[in-house]
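The structure appears right after this line, and notes come after that.
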Amino acid sequence: MSRIYPNIVPENNLRLPDALTIKHGPARLLSRFVLEGDKAARNIGIRLRLRHDWGGLVSVNREAIARGTWYRLPNMFNPDFSDLCAENSYWISGEDEDGEVVVTQAGRIYYWPETTLEQEARLMFYAGREEGQQCKVTAPDAQTIGGVVFYGGSVWVRPDFRGKGLSQLLPRLGRAYAVARWPVDWGISLVTPALVDKGIAAGYGYKHTSYSVFYPGSPWGDVEFAVVSLSLVEAYDDFRVFLKDGVGQFSAPVGSEFSSGIVRDKRVTKTSGEPVFHGSNSLS
């Protein structure tokens with residue numbers, strides 16, 4: 001869990017385009033996508049910044065929880081539990097004209113050269129802490145997802161900025177940044193079946209869905225997730241399609257922007273009072 005793939009670490013809190021150094025992948029495609037995505041955000045009134053001061057995300061999360069607009073960060077994106085550092089992770093903040101953070105997205109790189117998600121899912125969920133937790137993996141795709149794996153999540157949009165397609169844009173921008181910085185093999189997230197059924201997971205850009213990963217007795221209750229994923233080649237194709245259709249001209253499914261890194265599943269919150277993971281309503 002603590003292995004780190006060598007990479008270039010940008011200065012904290014740079015504008016997203018300024019933080020982009022393309023070490024891997026098609027430079028023209030990735031630079032254009034990030035620039036166009038940043039422009040689309042600015043047209044909405046949001047300035048995007050690349051950060052690795054995880055205390056900042058925790059502060060945003062706490063304030064949003066107090067207002068009832070977000071849920072507790074998943075452990076993998078919480079520095080109180082996880083071995084987050086500038087070399088293996090980042091988060092994106094989007095600020096309005098008053099300098100207040102109104103959108104977030106986060107990403108984490110896992111280096112599994114000799115293992116797969118099937119073996120790593122339990123400790124990934126629990127931020128590498130071995131405490132005898134339970135996990136049952138039945139998703140066939142988890143057997144083949146390995147190498148350098150990018151996990152995207154913690155997408156949150158303040159209520160007054162929802163309905164603008166940001167839950168489609170931010171996951172893709174984070175993915176584009178990640179594949180340019182690290183030699184990513186797979187992009188993944190864990191989402192509840194409800195988000196898959198509503199088409200929200202597809203809205204994030206994932207191409208494959210595989211059931212399931214179970215975490216009985218977790219702090220969020222007995223939870224089930226689907227593994228959503230896409231390969232590196234599929235990520236590039238998704239960027240091309242998104243650019244062709246016009247970044248900024250997109251629309252998001254209703255409810256898709258209530259994000260965290262843990263998907264909110266009503267079956268879980270009825271018993272635990274806490275959501276489960278990701279960006280909108282997922283463990284992403």
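Quick note on naming: the chains in the structure tokens go A, B, ... in the order shown, residues restart at 1 in each chain, and ligands are numbered from 1 in order of appearance.
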Handout entry: Contact residues around A:Thr21 with only C-alpha atoms at 9 Å, ignoring same-chain residues under 2 positions, as a list in words
Key = Ile8, Pro10, Pro17, Asp18, Ala19, Lys23, His24, Ser31, Tyr177, Ala180 and Arg181 of chain A
Using C-alpha atoms, can you export the residues from the last selection as a PDB file, in the first residue's frame?
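What ended up in selection_28.pdb:
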ATOM      1  CA  ILE A   8       7.202  14.643 -10.726  1.00  0.00           C
ATOM      2  CA  PRO A  10       4.215  19.961  -8.636  1.00  0.00           C
ATOM      3  CA  PRO A  17      -2.985  23.827 -16.090  1.00  0.00           C
ATOM      4  CA  ASP A  18       0.235  25.140 -14.511  1.00  0.00           C
ATOM      5  CA  ALA A  19       0.552  21.975 -12.408  1.00  0.00           C
ATOM      6  CA  LYS A  23       5.335  12.679 -18.555  1.00  0.00           C
ATOM      7  CA  HIS A  24       3.140   9.960 -20.049  1.00  0.00           C
ATOM      8  CA  SER A  31      -2.890  19.297 -22.594  1.00  0.00           C
ATOM      9  CA  TYR A 177      -4.024  14.882 -14.863  1.00  0.00           C
ATOM     10  CA  ALA A 180      -0.232  12.477 -17.690  1.00  0.00           C
ATOM     11  CA  ARG A 181       1.745  12.252 -14.447  1.00  0.00           C
TER      12      ARG A 181
END
Problem - Shell of 9 Å around A:Ala142, only C-alpha atoms, local chain residues under 4 positions omitted, as an MDAnalysis selection string - result: chainID A and resid 116:119 121 137:138 146 210 213 227
Write the residues of the selection above to a file with C-alpha atoms, as an mmCIF file, in the first residue's frame.
data_model
loop_
_atom_site.group_PDB
_atom_site.id
_atom_site.type_symbol
_atom_site.label_atom_id
_atom_site.label_comp_id
_atom_site.auth_asym_id
_atom_site.auth_seq_id
_atom_site.Cartn_x
_atom_site.Cartn_y
_atom_site.Cartn_z
ATOM 1 C CA THR A 116 -4.646 -7.085 -8.249
ATOM 2 C CA LEU A 117 -7.670 -5.262 -6.896
ATOM 3 C CA GLU A 118 -9.000 -8.626 -5.774
ATOM 4 C CA GLN A 119 -6.154 -8.912 -3.257
ATOM 5 C CA ALA A 121 -9.596 -4.180 -2.113
ATOM 6 C CA VAL A 137 -14.680 -9.789 -3.663
ATOM 7 C CA THR A 138 -16.847 -11.448 -6.315
ATOM 8 C CA GLY A 146 -3.483 -4.317 -11.391
ATOM 9 C CA SER A 210 -18.401 -5.537 -12.311
ATOM 10 C CA VAL A 213 -17.112 -5.947 -3.457
ATOM 11 C CA VAL A 227 -16.226 -1.929 -9.437
#
Would you pick out the contacts of stretch 125-136 of chain A at 8 Å or less, using only C-alpha atoms, so that residues sharing its chain but fewer than 2 positions from it are not included, and give the list as a compact mmCIF listing (two decimals) with N, CA and C atoms, in the first residue's frame?
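The file below, result-v1.txt, is the result:
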# COMPACT_ATOMS: atom_id res chain seq x y z
N MET A 1 0.82 -1.21 0.00
CA MET A 1 0.00 0.00 0.00
C MET A 1 0.86 1.26 0.00
N ASN A 75 -11.80 6.91 4.15
CA ASN A 75 -10.49 6.83 4.81
C ASN A 75 -9.33 6.99 3.84
N MET A 76 -9.47 6.51 2.62
CA MET A 76 -8.37 6.59 1.66
C MET A 76 -8.02 8.03 1.29
N PHE A 81 -6.13 8.86 8.50
CA PHE A 81 -6.14 7.40 8.39
C PHE A 81 -5.16 6.87 7.34
N SER A 82 -4.93 7.65 6.30
CA SER A 82 -4.21 7.16 5.13
C SER A 82 -2.80 7.75 5.02
N ASP A 83 -1.93 7.04 4.29
CA ASP A 83 -0.56 7.50 4.06
C ASP A 83 -0.48 8.40 2.83
N ALA A 121 -8.36 -4.93 -2.39
CA ALA A 121 -9.60 -4.18 -2.11
C ALA A 121 -9.83 -3.93 -0.63
N ARG A 122 -9.53 -4.91 0.20
CA ARG A 122 -9.80 -4.76 1.63
C ARG A 122 -8.96 -3.64 2.23
N LEU A 123 -7.64 -3.71 2.07
CA LEU A 123 -6.79 -2.69 2.68
C LEU A 123 -6.92 -1.35 1.97
N THR A 138 -16.30 -10.54 -5.31
CA THR A 138 -16.85 -11.45 -6.31
C THR A 138 -16.82 -10.84 -7.71
N VAL A 213 -18.06 -5.92 -4.57
CA VAL A 213 -17.11 -5.95 -3.46
C VAL A 213 -17.91 -5.66 -2.19
N PHE A 214 -17.88 -6.61 -1.25
CA PHE A 214 -18.66 -6.49 -0.02
C PHE A 214 -17.73 -6.17 1.15
N TYR A 215 -18.20 -5.25 2.01
CA TYR A 215 -17.47 -4.93 3.24
C TYR A 215 -18.42 -5.09 4.42
N PRO A 216 -18.57 -6.31 4.91
CA PRO A 216 -19.46 -6.51 6.07
C PRO A 216 -18.86 -5.90 7.34
N GLY A 217 -19.73 -5.30 8.12
CA GLY A 217 -19.29 -4.76 9.40
C GLY A 217 -18.39 -3.55 9.30
N SER A 218 -18.47 -2.82 8.20
CA SER A 218 -17.64 -1.62 8.05
C SER A 218 -18.20 -0.50 8.92
Problem - For atom CA of A:Val184 and atom CA of A:Val102, the interatomic separation in Å (one decimal) - result: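 Interatomic distance, atom CA of A:Val184 to atom CA of A:Val102: 28.2 Å.
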Non-local contacts of A:Thr104 (6 Å; only C-alpha atoms; under 3 positions in same chain excluded) as a compact mmCIF listing (two decimals) with N, CA and C atoms, in the first residue's frame:
# COMPACT_ATOMS: atom_id res chain seq x y z
N ILE A 92 -8.11 18.36 -6.21
CA ILE A 92 -8.40 19.57 -6.98
C ILE A 92 -9.44 20.38 -6.23
N SER A 93 -9.15 21.66 -6.04
CA SER A 93 -10.14 22.56 -5.47
C SER A 93 -10.61 23.52 -6.56
N VAL A 155 -15.56 13.66 -5.19
CA VAL A 155 -16.15 14.74 -5.99
C VAL A 155 -17.29 15.37 -5.18
N TRP A 156 -17.17 16.64 -4.92
CA TRP A 156 -18.22 17.38 -4.20
C TRP A 156 -18.46 18.69 -4.91
Exercise for the section: Just the strand (DSSP E) stuff from stretch 76-139 of chain A, please, per backbone DSSP, written as a list in words. Expected result: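 Of stretch 76-139 of chain A, the ones in strand (DSSP E) are Ser89, Tyr90, Trp91, Ile92, Ser93, Gly94, Glu95, Val101, Val102, Val103, Thr104, Gln105, Ala106, Gly107, Arg108, Ile109, Tyr110, Tyr111, Trp112, Pro113, Glu114, Thr115, Thr116, Lys136 and Val137 of chain A.
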Problem - 9 Å contact set for A:Val58, only C-alpha atoms, chain neighbours under 4 positions out, as a VMD selection string - result: chain A and resid 54 62 to 63 72 to 73 77 to 79
Practice task
With a distance cut-off of 10 Å and only C-alpha atoms, select the neighbouring residues of A:Leu48, excluding the residue or stretch itself and same-chain residues fewer than 6 positions from it, and output the selection as number ranges by chain.
Solution key: A: 13-17, 37-39, 41-42, 92-96, 101, 103-104, 170
Selection to disk with N, CA and C atoms, as a short mmCIF file (atom, residue, chain, number, x, y, z; two decimals), in the first residue's frame:
data_model
loop_
_atom_site.label_atom_id
_atom_site.label_comp_id
_atom_site.auth_asym_id
_atom_site.auth_seq_id
_atom_site.Cartn_x
_atom_site.Cartn_y
_atom_site.Cartn_z
N ASN A 13 -0.91 23.95 -4.71
CA ASN A 13 -1.87 25.02 -4.94
C ASN A 13 -1.59 25.83 -6.21
N LEU A 14 -1.07 25.18 -7.23
CA LEU A 14 -0.93 25.83 -8.53
C LEU A 14 -2.25 25.75 -9.29
N ARG A 15 -2.43 26.66 -10.25
CA ARG A 15 -3.55 26.50 -11.18
C ARG A 15 -3.41 25.15 -11.85
N LEU A 16 -4.52 24.47 -12.08
CA LEU A 16 -4.47 23.12 -12.63
C LEU A 16 -3.63 23.04 -13.91
N PRO A 17 -3.82 23.93 -14.89
CA PRO A 17 -2.98 23.83 -16.09
C PRO A 17 -1.50 24.03 -15.80
N GLY A 37 -10.97 21.97 -20.27
CA GLY A 37 -11.74 21.73 -19.06
C GLY A 37 -11.60 22.87 -18.08
N ASP A 38 -10.39 23.40 -17.95
CA ASP A 38 -10.16 24.54 -17.07
C ASP A 38 -10.94 25.76 -17.57
N LYS A 39 -10.95 25.94 -18.87
CA LYS A 39 -11.70 27.05 -19.46
C LYS A 39 -13.19 26.90 -19.20
N ALA A 41 -14.59 25.40 -16.70
CA ALA A 41 -14.84 25.71 -15.29
C ALA A 41 -14.82 27.22 -15.06
N ARG A 42 -13.87 27.92 -15.68
CA ARG A 42 -13.79 29.37 -15.51
C ARG A 42 -15.03 30.05 -16.07
N ILE A 92 -8.11 18.36 -6.21
CA ILE A 92 -8.40 19.57 -6.98
C ILE A 92 -9.44 20.38 -6.23
N SER A 93 -9.15 21.66 -6.04
CA SER A 93 -10.14 22.56 -5.47
C SER A 93 -10.61 23.52 -6.56
N GLY A 94 -11.88 23.84 -6.53
CA GLY A 94 -12.43 24.84 -7.43
C GLY A 94 -12.98 25.99 -6.60
N GLU A 95 -12.45 27.18 -6.83
CA GLU A 95 -12.84 28.34 -6.01
C GLU A 95 -13.72 29.30 -6.81
N ASP A 96 -14.69 29.89 -6.11
CA ASP A 96 -15.53 30.89 -6.75
C ASP A 96 -14.84 32.25 -6.70
N VAL A 101 -13.97 27.52 -1.67
CA VAL A 101 -13.96 26.25 -2.40
C VAL A 101 -15.39 25.77 -2.59
N VAL A 103 -16.05 23.27 -5.32
CA VAL A 103 -16.01 21.93 -5.91
C VAL A 103 -14.69 21.27 -5.53
N THR A 104 -14.70 19.95 -5.42
CA THR A 104 -13.48 19.20 -5.14
C THR A 104 -13.48 17.90 -5.94
N LEU A 170 -15.25 17.12 -13.63
CA LEU A 170 -14.17 16.99 -12.65
C LEU A 170 -13.53 15.60 -12.62
#
Exercise for the section: Tell me which of A:Val157, A:Ser231, A:Tyr204, A:Val196 sits closest to A:Thr144, counting only C-alpha atoms. Expected result: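 Nearest to A:Thr144: A:Ser231.
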Problem - helix (DSSP H, G or I) per DSSP on the backbone: members of stretch 63-184 of chain A, as a PyMOL selection string - result: chain A and resi 63-67+75-77+117-125+140-143+159-161+166-181
Could you turn the residues from that selection into a file that holds N, CA and C atoms, as a compact mmCIF listing (two decimals), in the first residue's frame?
# COMPACT_ATOMS: atom_id res chain seq x y z
N GLU A 63 -16.72 21.53 6.94
CA GLU A 63 -17.68 22.62 6.80
C GLU A 63 -18.91 22.18 6.01
N ALA A 64 -18.69 21.39 4.97
CA ALA A 64 -19.81 20.92 4.16
C ALA A 64 -20.68 19.94 4.95
N ILE A 65 -20.06 19.10 5.76
CA ILE A 65 -20.83 18.19 6.61
C ILE A 65 -21.73 18.98 7.56
N ALA A 66 -21.16 20.04 8.13
CA ALA A 66 -21.94 20.87 9.06
C ALA A 66 -23.15 21.50 8.39
N ARG A 67 -23.02 21.76 7.08
CA ARG A 67 -24.13 22.36 6.33
C ARG A 67 -25.05 21.30 5.73
N ASN A 75 -11.80 6.91 4.15
CA ASN A 75 -10.49 6.83 4.81
C ASN A 75 -9.33 6.99 3.84
N MET A 76 -9.47 6.51 2.62
CA MET A 76 -8.37 6.59 1.66
C MET A 76 -8.02 8.03 1.29
N PHE A 77 -8.95 8.98 1.51
CA PHE A 77 -8.70 10.38 1.23
C PHE A 77 -8.66 11.23 2.50
N LEU A 117 -6.64 -5.83 -7.76
CA LEU A 117 -7.67 -5.26 -6.90
C LEU A 117 -8.31 -6.34 -6.03
N GLU A 118 -8.40 -7.54 -6.55
CA GLU A 118 -9.00 -8.63 -5.77
C GLU A 118 -8.26 -8.81 -4.45
N GLN A 119 -6.93 -8.75 -4.48
CA GLN A 119 -6.15 -8.91 -3.26
C GLN A 119 -6.05 -7.62 -2.45
N GLU A 120 -6.18 -6.48 -3.11
CA GLU A 120 -5.93 -5.20 -2.46
C GLU A 120 -7.18 -4.47 -1.97
N ALA A 121 -8.36 -4.93 -2.39
CA ALA A 121 -9.60 -4.18 -2.11
C ALA A 121 -9.83 -3.93 -0.63
N ARG A 122 -9.53 -4.91 0.20
CA ARG A 122 -9.80 -4.76 1.63
C ARG A 122 -8.96 -3.64 2.23
N LEU A 123 -7.64 -3.71 2.07
CA LEU A 123 -6.79 -2.69 2.68
C LEU A 123 -6.92 -1.35 1.97
N MET A 124 -7.25 -1.34 0.68
CA MET A 124 -7.48 -0.07 -0.01
C MET A 124 -8.63 0.68 0.66
N PHE A 125 -9.71 -0.03 0.90
CA PHE A 125 -10.90 0.56 1.52
C PHE A 125 -10.58 1.12 2.91
N PRO A 140 -15.57 -10.09 -11.13
CA PRO A 140 -14.55 -10.70 -11.99
C PRO A 140 -13.47 -9.72 -12.43
N ASP A 141 -13.85 -8.47 -12.69
CA ASP A 141 -12.86 -7.49 -13.17
C ASP A 141 -11.76 -7.24 -12.14
N ALA A 142 -12.06 -7.45 -10.87
CA ALA A 142 -11.07 -7.21 -9.82
C ALA A 142 -9.87 -8.14 -9.96
N GLN A 143 -10.06 -9.25 -10.68
CA GLN A 143 -8.97 -10.22 -10.86
C GLN A 143 -7.94 -9.75 -11.88
N PRO A 159 -24.07 23.16 -3.42
CA PRO A 159 -25.41 23.15 -4.01
C PRO A 159 -25.68 24.21 -5.07
N ASP A 160 -25.16 25.42 -4.87
CA ASP A 160 -25.47 26.48 -5.84
C ASP A 160 -24.71 26.32 -7.15
N PHE A 161 -23.80 25.35 -7.23
CA PHE A 161 -23.08 25.10 -8.47
C PHE A 161 -23.48 23.76 -9.09
N LEU A 166 -20.70 19.54 -13.62
CA LEU A 166 -19.38 19.43 -13.02
C LEU A 166 -19.04 18.02 -12.57
N SER A 167 -20.05 17.20 -12.29
CA SER A 167 -19.77 15.82 -11.88
C SER A 167 -19.31 14.98 -13.05
N GLN A 168 -19.50 15.46 -14.26
CA GLN A 168 -18.93 14.81 -15.43
C GLN A 168 -17.55 15.35 -15.74
N LEU A 169 -17.37 16.65 -15.57
CA LEU A 169 -16.11 17.28 -15.92
C LEU A 169 -14.99 16.96 -14.93
N LEU A 170 -15.25 17.12 -13.63
CA LEU A 170 -14.17 16.99 -12.65
C LEU A 170 -13.53 15.60 -12.62
N PRO A 171 -14.30 14.51 -12.64
CA PRO A 171 -13.64 13.20 -12.67
C PRO A 171 -12.72 13.02 -13.88
N ARG A 172 -13.13 13.57 -15.00
CA ARG A 172 -12.30 13.43 -16.21
C ARG A 172 -11.05 14.30 -16.14
N LEU A 173 -11.18 15.50 -15.60
CA LEU A 173 -10.00 16.34 -15.45
C LEU A 173 -9.00 15.69 -14.51
N GLY A 174 -9.48 15.14 -13.39
CA GLY A 174 -8.59 14.45 -12.48
C GLY A 174 -7.92 13.26 -13.15
N ARG A 175 -8.68 12.54 -13.96
CA ARG A 175 -8.13 11.38 -14.68
C ARG A 175 -7.08 11.80 -15.69
N ALA A 176 -7.36 12.89 -16.41
CA ALA A 176 -6.40 13.38 -17.40
C ALA A 176 -5.10 13.81 -16.73
N TYR A 177 -5.22 14.48 -15.59
CA TYR A 177 -4.02 14.88 -14.86
C TYR A 177 -3.23 13.65 -14.42
N ALA A 178 -3.94 12.65 -13.92
CA ALA A 178 -3.27 11.46 -13.38
C ALA A 178 -2.55 10.68 -14.47
N VAL A 179 -3.19 10.46 -15.61
CA VAL A 179 -2.54 9.65 -16.64
C VAL A 179 -1.39 10.39 -17.30
N ALA A 180 -1.37 11.71 -17.18
CA ALA A 180 -0.23 12.48 -17.69
C ALA A 180 0.95 12.41 -16.74
N ARG A 181 0.70 12.24 -15.47
CA ARG A 181 1.75 12.25 -14.45
C ARG A 181 2.30 10.86 -14.13
Practice task
Could you please determine the separation between atom CA of A:Arg51 and atom CA of A:Arg240 in Å, to one decimal place?
Solution key: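 Those two atoms sit 25.8 Å apart.
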Can you build me a table of stretch 68-174 of chain A residues sitting at most 8 Å from stretch 186-190 of chain A, with the closest atom pair per residue and its distance in Å to one decimal, using only C-alpha atoms, sorted by chain and residue number, as a tab-separated table?
residue	atom	partner	partner_atom	distance
A:Ile145	CA	A:Trp186	CA	6.7
A:Gly146	CA	A:Trp186	CA	7.4
A:Gly147	CA	A:Trp186	CA	7.8
A:Val148	CA	A:Trp186	CA	6.8
A:Val149	CA	A:Trp186	CA	5.0
A:Phe150	CA	A:Gly187	CA	4.7
A:Tyr151	CA	A:Ile188	CA	5.1
A:Gly152	CA	A:Ser189	CA	6.0
A:Gly153	CA	A:Ser189	CA	7.0
Practice task
Just give me the gap between atom CA of A:Asp238 and atom CA of A:Val223 in Å, one decimal is fine.
Solution key: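 Here the two named atoms are 29.6 Å from each other.
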